[in-house]
Amino acid sequence: MPTTSNDLHVVLGAGPAGTTVATELARRGHAVRLVDRTAEGPAPAGVLRARGDVGTLEGARAAIAGAAVVYHCVNVAYHRQIDLLPGIQDAVLGAVRAEGARLVVLDTLYPYGETGGAVMSEDTPWRATSAKGRMRAALDEKYLAAHRAGHTRVVLGRSADFVGPGVLNSTLGGGVFPGALAGTEVYGLGDIDLPHSYTDIRAVAEGLATLGEHPEGDGRVWHLPTAPARSTREVFHLIEERVGRTLDVVVKPDPVPFGPFDEVFVSSYAELWYQHTEPQIMDSTAIRNAFGLDPFDIGDTLDATLDWYRAFLATARG
């Protein structure tokens, strides 16, 4: 395959993950282009914002032109993932092959499916039964097959549920922190006494950036640095200590709309509700042993997240 000799890192997708990855790459001294469909909003320091549509091969090639490493952090409306993500994959894979770039893919735990609460490591079998889980597993198989065939160099970084500065649409996001700060309702899903892994969005960025810098890690799945699992109730208690009040926790035992999530989202998410009725325990020992990446302490994560939400809500109030 062709190769590139420059140090341009292109991040596709300007949501919380893509923006945080771009910020981390710039902090490490790389030239960074952050691409999304609108290129609206400020660019992180040292990052070039660019408009691009990676839904077609031509658009994807234009978006990543000149890249040495590409980070696929694109997401779409949840209820449209099955329809749109495979086509985006084809376009991105074709583009990185044509441009000679390496590809770092942000991934989820969905391919594992229900585990009965067993700890998930990179060796856990992929046994998804949900439509989204099977779709994600098929995408991942195709990524790894492209690598094995020598078409392009690919590496996958899997994350548990996001939490951290800038994260709104997560089970530990916009349904929790605004209520915690305002003294209004905070939402917990399923059985909040089960251990549940949450990955700090900053650790997502550190992990993906490190994989982008280390081609010796290519051709496999890595779990991104994730703190030891705690129950969501324990996490809520840690938030209470920080905000100085008892949280008004409303537990949703079944998939119904809550907080920022409407009926369209919840209907699409219902097939993955098992994530809240069995333990979700993710092990990230491998990436720590290979690259020295430790997860953020949960207290640090909550402090940074609460600080971000305070500023965000103050701005929203005008």
# chains A, B, ... in the order shown; residues from 1 in each chain; ligands from 1
call {"tool": "residues_around", "arguments": {"residues": "Gly299 in chain A", "least_positions_apart": "2", "cutoff": "10 Å", "atoms": "only C-alpha atoms", "output": "list in words"}}
result
Val235, Leu238, Ile239, Arg242, Phe296, Asp297, Thr301, Leu302, Asp303, Ala304 and Thr305 of chain A
call {"tool": "residues_around", "arguments": {"residues": "Val176 in chain A", "least_positions_apart": "4", "cutoff": "9 Å", "atoms": "only C-alpha atoms", "output": "PyMOL selection string"}}
result
chain A and resi 171-172+180-181+185-188+236+249+259
call {"tool": "select_by_dssp", "arguments": {"residues": "range 6-179 of chain A", "states": "strand (DSSP E or B)", "output": "MDAnalysis selection string"}}
result
chainID A and resid 8:12 31:36 47:51 69:72 102:107 120 154:158 161:163
call {"tool": "closest_atom_pairs", "arguments": {"of": "range 126-195 of chain A", "to": "range 265-275 of chain A", "cutoff": "8 Å", "atoms": "only C-alpha atoms", "output": "Markdown table"}}
result
| residue | atom | partner | partner_atom | distance |
| --- | --- | --- | --- | --- |
| A:Ser130 | CA | A:Glu271 | CA | 5.9 |
| A:Ala131 | CA | A:Glu271 | CA | 7.8 |
| A:Gly190 | CA | A:Trp273 | CA | 7.8 |
call {"tool": "residues_around", "arguments": {"residues": "Gly46 in chain A", "least_positions_apart": "2", "cutoff": "8 Å", "atoms": "only C-alpha atoms", "output": "PyMOL selection string"}}
result
chain A and resi 23+26-27+31-32+43-44+48
call {"tool": "write_last_selection", "arguments": {"atoms": "N, CA and C atoms", "output": "PDB file, in the first residue's frame"}}
result
ATOM      1  N   THR A  23      -7.978  17.755  20.190  1.00  0.00           N
ATOM      2  CA  THR A  23      -7.298  18.584  21.188  1.00  0.00           C
ATOM      3  C   THR A  23      -6.072  17.878  21.734  1.00  0.00           C
ATOM      4  N   ALA A  26      -3.237  17.770  19.093  1.00  0.00           N
ATOM      5  CA  ALA A  26      -2.570  19.068  18.987  1.00  0.00           C
ATOM      6  C   ALA A  26      -1.674  19.311  20.192  1.00  0.00           C
ATOM      7  N   ARG A  27      -2.121  18.911  21.360  1.00  0.00           N
ATOM      8  CA  ARG A  27      -1.305  19.064  22.565  1.00  0.00           C
ATOM      9  C   ARG A  27       0.004  18.291  22.435  1.00  0.00           C
ATOM     10  N   ALA A  31       0.184  18.142  13.640  1.00  0.00           N
ATOM     11  CA  ALA A  31      -0.710  18.939  12.802  1.00  0.00           C
ATOM     12  C   ALA A  31      -2.044  18.207  12.739  1.00  0.00           C
ATOM     13  N   VAL A  32      -3.135  18.923  13.000  1.00  0.00           N
ATOM     14  CA  VAL A  32      -4.438  18.278  13.152  1.00  0.00           C
ATOM     15  C   VAL A  32      -5.494  18.997  12.326  1.00  0.00           C
ATOM     16  N   ALA A  43     -12.512  26.202  16.799  1.00  0.00           N
ATOM     17  CA  ALA A  43     -11.556  25.104  16.700  1.00  0.00           C
ATOM     18  C   ALA A  43     -10.721  25.047  17.966  1.00  0.00           C
ATOM     19  N   PRO A  44     -10.430  23.849  18.466  1.00  0.00           N
ATOM     20  CA  PRO A  44      -9.489  23.763  19.588  1.00  0.00           C
ATOM     21  C   PRO A  44      -8.150  24.372  19.201  1.00  0.00           C
ATOM     22  N   LEU A  48      -7.121  22.751  12.885  1.00  0.00           N
ATOM     23  CA  LEU A  48      -7.814  23.340  11.743  1.00  0.00           C
ATOM     24  C   LEU A  48      -9.173  22.676  11.597  1.00  0.00           C
TER      25      LEU A  48
END
call {"tool": "closest_residue", "arguments": {"among": "A:Pro42, A:Gly18, A:Gly183, A:Gly94", "to": "Leu208 in chain A", "atoms": "only C-alpha atoms"}}
result
A:Gly18
call {"tool": "residues_around", "arguments": {"residues": "range 58-74 of chain A", "least_positions_apart": "2", "cutoff": "7 Å", "atoms": "only C-alpha atoms", "output": "PyMOL selection string"}}
result
chain A and resi 4-13+17-18+35+52-56+76+91-92+95+99+101-106+212
call {"tool": "write_last_selection", "arguments": {"atoms": "N, CA and C atoms", "output": "tab-separated table (two decimals), in the first residue's frame"}}
result
chain	number	residue	atom	x	y	z
A	4	THR	N	2.54	7.60	3.57
A	4	THR	CA	2.76	9.03	3.66
A	4	THR	C	3.87	9.30	4.65
A	5	SER	N	4.59	10.40	4.47
A	5	SER	CA	5.72	10.71	5.34
A	5	SER	C	5.47	11.93	6.20
A	6	ASN	N	4.29	12.55	6.09
A	6	ASN	CA	4.05	13.75	6.89
A	6	ASN	C	3.47	13.37	8.25
A	7	ASP	N	3.09	14.39	9.01
A	7	ASP	CA	2.58	14.16	10.35
A	7	ASP	C	1.18	14.75	10.51
A	8	LEU	N	0.42	14.80	9.42
A	8	LEU	CA	-0.93	15.30	9.52
A	8	LEU	C	-1.85	14.22	10.07
A	9	HIS	N	-2.56	14.55	11.15
A	9	HIS	CA	-3.54	13.65	11.74
A	9	HIS	C	-4.92	14.25	11.49
A	10	VAL	N	-5.80	13.48	10.87
A	10	VAL	CA	-7.14	13.96	10.53
A	10	VAL	C	-8.16	13.22	11.38
A	11	VAL	N	-8.99	13.99	12.08
A	11	VAL	CA	-10.02	13.44	12.94
A	11	VAL	C	-11.36	13.65	12.25
A	12	LEU	N	-12.09	12.57	12.03
A	12	LEU	CA	-13.41	12.62	11.41
A	12	LEU	C	-14.47	12.58	12.49
A	13	GLY	N	-15.29	13.62	12.54
A	13	GLY	CA	-16.33	13.70	13.56
A	13	GLY	C	-15.94	14.69	14.64
A	17	ALA	N	-16.09	13.14	21.41
A	17	ALA	CA	-14.92	12.28	21.23
A	17	ALA	C	-13.95	12.86	20.21
A	18	GLY	N	-14.44	13.20	19.02
A	18	GLY	CA	-13.57	13.72	17.99
A	18	GLY	C	-12.89	15.01	18.41
A	35	VAL	N	-12.63	17.33	11.00
A	35	VAL	CA	-13.59	17.39	9.90
A	35	VAL	C	-14.98	16.96	10.38
A	52	GLY	N	-16.60	18.58	5.67
A	52	GLY	CA	-16.46	17.43	4.81
A	52	GLY	C	-17.58	16.44	5.02
A	53	ASP	N	-17.87	15.67	4.00
A	53	ASP	CA	-18.91	14.64	4.05
A	53	ASP	C	-18.24	13.30	3.74
A	54	VAL	N	-18.14	12.45	4.75
A	54	VAL	CA	-17.46	11.17	4.56
A	54	VAL	C	-18.45	10.05	4.21
A	55	GLY	N	-19.63	10.41	3.77
A	55	GLY	CA	-20.60	9.43	3.35
A	55	GLY	C	-20.35	8.88	1.96
A	56	THR	N	-19.42	9.51	1.22
A	56	THR	CA	-19.05	9.04	-0.11
A	56	THR	C	-17.53	8.90	-0.18
A	76	VAL	N	-23.69	9.11	14.00
A	76	VAL	CA	-24.90	9.59	13.34
A	76	VAL	C	-26.07	9.42	14.31
A	91	ALA	N	-16.74	4.13	2.70
A	91	ALA	CA	-16.11	5.34	2.17
A	91	ALA	C	-14.78	5.62	2.87
A	92	VAL	N	-14.75	5.49	4.18
A	92	VAL	CA	-13.52	5.78	4.93
A	92	VAL	C	-12.44	4.76	4.61
A	95	ALA	N	-11.05	5.48	1.28
A	95	ALA	CA	-10.24	6.69	1.26
A	95	ALA	C	-8.87	6.46	1.88
A	99	GLU	N	-5.32	6.86	0.00
A	99	GLU	CA	-4.39	7.90	0.45
A	99	GLU	C	-3.17	7.34	1.17
A	101	ALA	N	-3.09	6.17	4.29
A	101	ALA	CA	-3.09	6.56	5.69
A	101	ALA	C	-3.40	5.35	6.59
A	102	ARG	N	-2.99	5.44	7.83
A	102	ARG	CA	-3.43	4.49	8.84
A	102	ARG	C	-4.78	4.92	9.38
A	103	LEU	N	-5.56	3.96	9.90
A	103	LEU	CA	-6.90	4.24	10.39
A	103	LEU	C	-7.04	3.78	11.83
A	104	VAL	N	-7.45	4.70	12.69
A	104	VAL	CA	-7.75	4.43	14.09
A	104	VAL	C	-9.25	4.61	14.28
A	105	VAL	N	-9.93	3.57	14.74
A	105	VAL	CA	-11.40	3.57	14.81
A	105	VAL	C	-11.85	3.59	16.27
A	106	LEU	N	-12.71	4.53	16.62
A	106	LEU	CA	-13.36	4.54	17.92
A	106	LEU	C	-14.51	3.53	17.89
A	212	GLY	N	-2.65	5.99	17.54
A	212	GLY	CA	-2.26	6.66	16.30
A	212	GLY	C	-0.77	6.86	16.18
call {"tool": "residues_around", "arguments": {"residues": "Glu24 in chain A", "least_positions_apart": "2", "cutoff": "10 Å", "atoms": "only C-alpha atoms", "output": "PyMOL selection string"}}
result
chain A and resi 18-22+26-30+32+44+202-210
call {"tool": "write_last_selection", "arguments": {"atoms": "C-alpha atoms", "output": "PDB file, in the first residue's frame"}}
result
ATOM      1  CA  GLY A  18     -13.565  13.717  17.991  1.00  0.00           C
ATOM      2  CA  THR A  19     -13.047  17.171  19.472  1.00  0.00           C
ATOM      3  CA  THR A  20     -11.246  15.777  22.515  1.00  0.00           C
ATOM      4  CA  VAL A  21      -9.063  13.545  20.322  1.00  0.00           C
ATOM      5  CA  ALA A  22      -8.146  16.515  18.115  1.00  0.00           C
ATOM      6  CA  ALA A  26      -2.570  19.068  18.987  1.00  0.00           C
ATOM      7  CA  ARG A  27      -1.305  19.064  22.565  1.00  0.00           C
ATOM      8  CA  ARG A  28       1.151  16.358  21.519  1.00  0.00           C
ATOM      9  CA  GLY A  29       2.479  18.580  18.739  1.00  0.00           C
ATOM     10  CA  HIS A  30       0.818  17.033  15.690  1.00  0.00           C
ATOM     11  CA  VAL A  32      -4.438  18.278  13.152  1.00  0.00           C
ATOM     12  CA  PRO A  44      -9.489  23.763  19.588  1.00  0.00           C
ATOM     13  CA  ARG A 202     -10.103  12.343  28.013  1.00  0.00           C
ATOM     14  CA  ALA A 203      -8.874   8.742  28.345  1.00  0.00           C
ATOM     15  CA  VAL A 204     -10.601   7.957  25.051  1.00  0.00           C
ATOM     16  CA  ALA A 205      -8.556  10.740  23.482  1.00  0.00           C
ATOM     17  CA  GLU A 206      -5.296   9.661  25.115  1.00  0.00           C
ATOM     18  CA  GLY A 207      -5.859   6.067  24.077  1.00  0.00           C
ATOM     19  CA  LEU A 208      -6.711   6.811  20.456  1.00  0.00           C
ATOM     20  CA  ALA A 209      -3.885   9.322  20.117  1.00  0.00           C
ATOM     21  CA  THR A 210      -1.434   6.768  21.499  1.00  0.00           C
TER      22      THR A 210
END
call {"tool": "atom_distance", "arguments": {"atom1": "CA of Glu234 in chain A", "atom2": "CA of Val167 in chain A"}}
result
19.8 Å
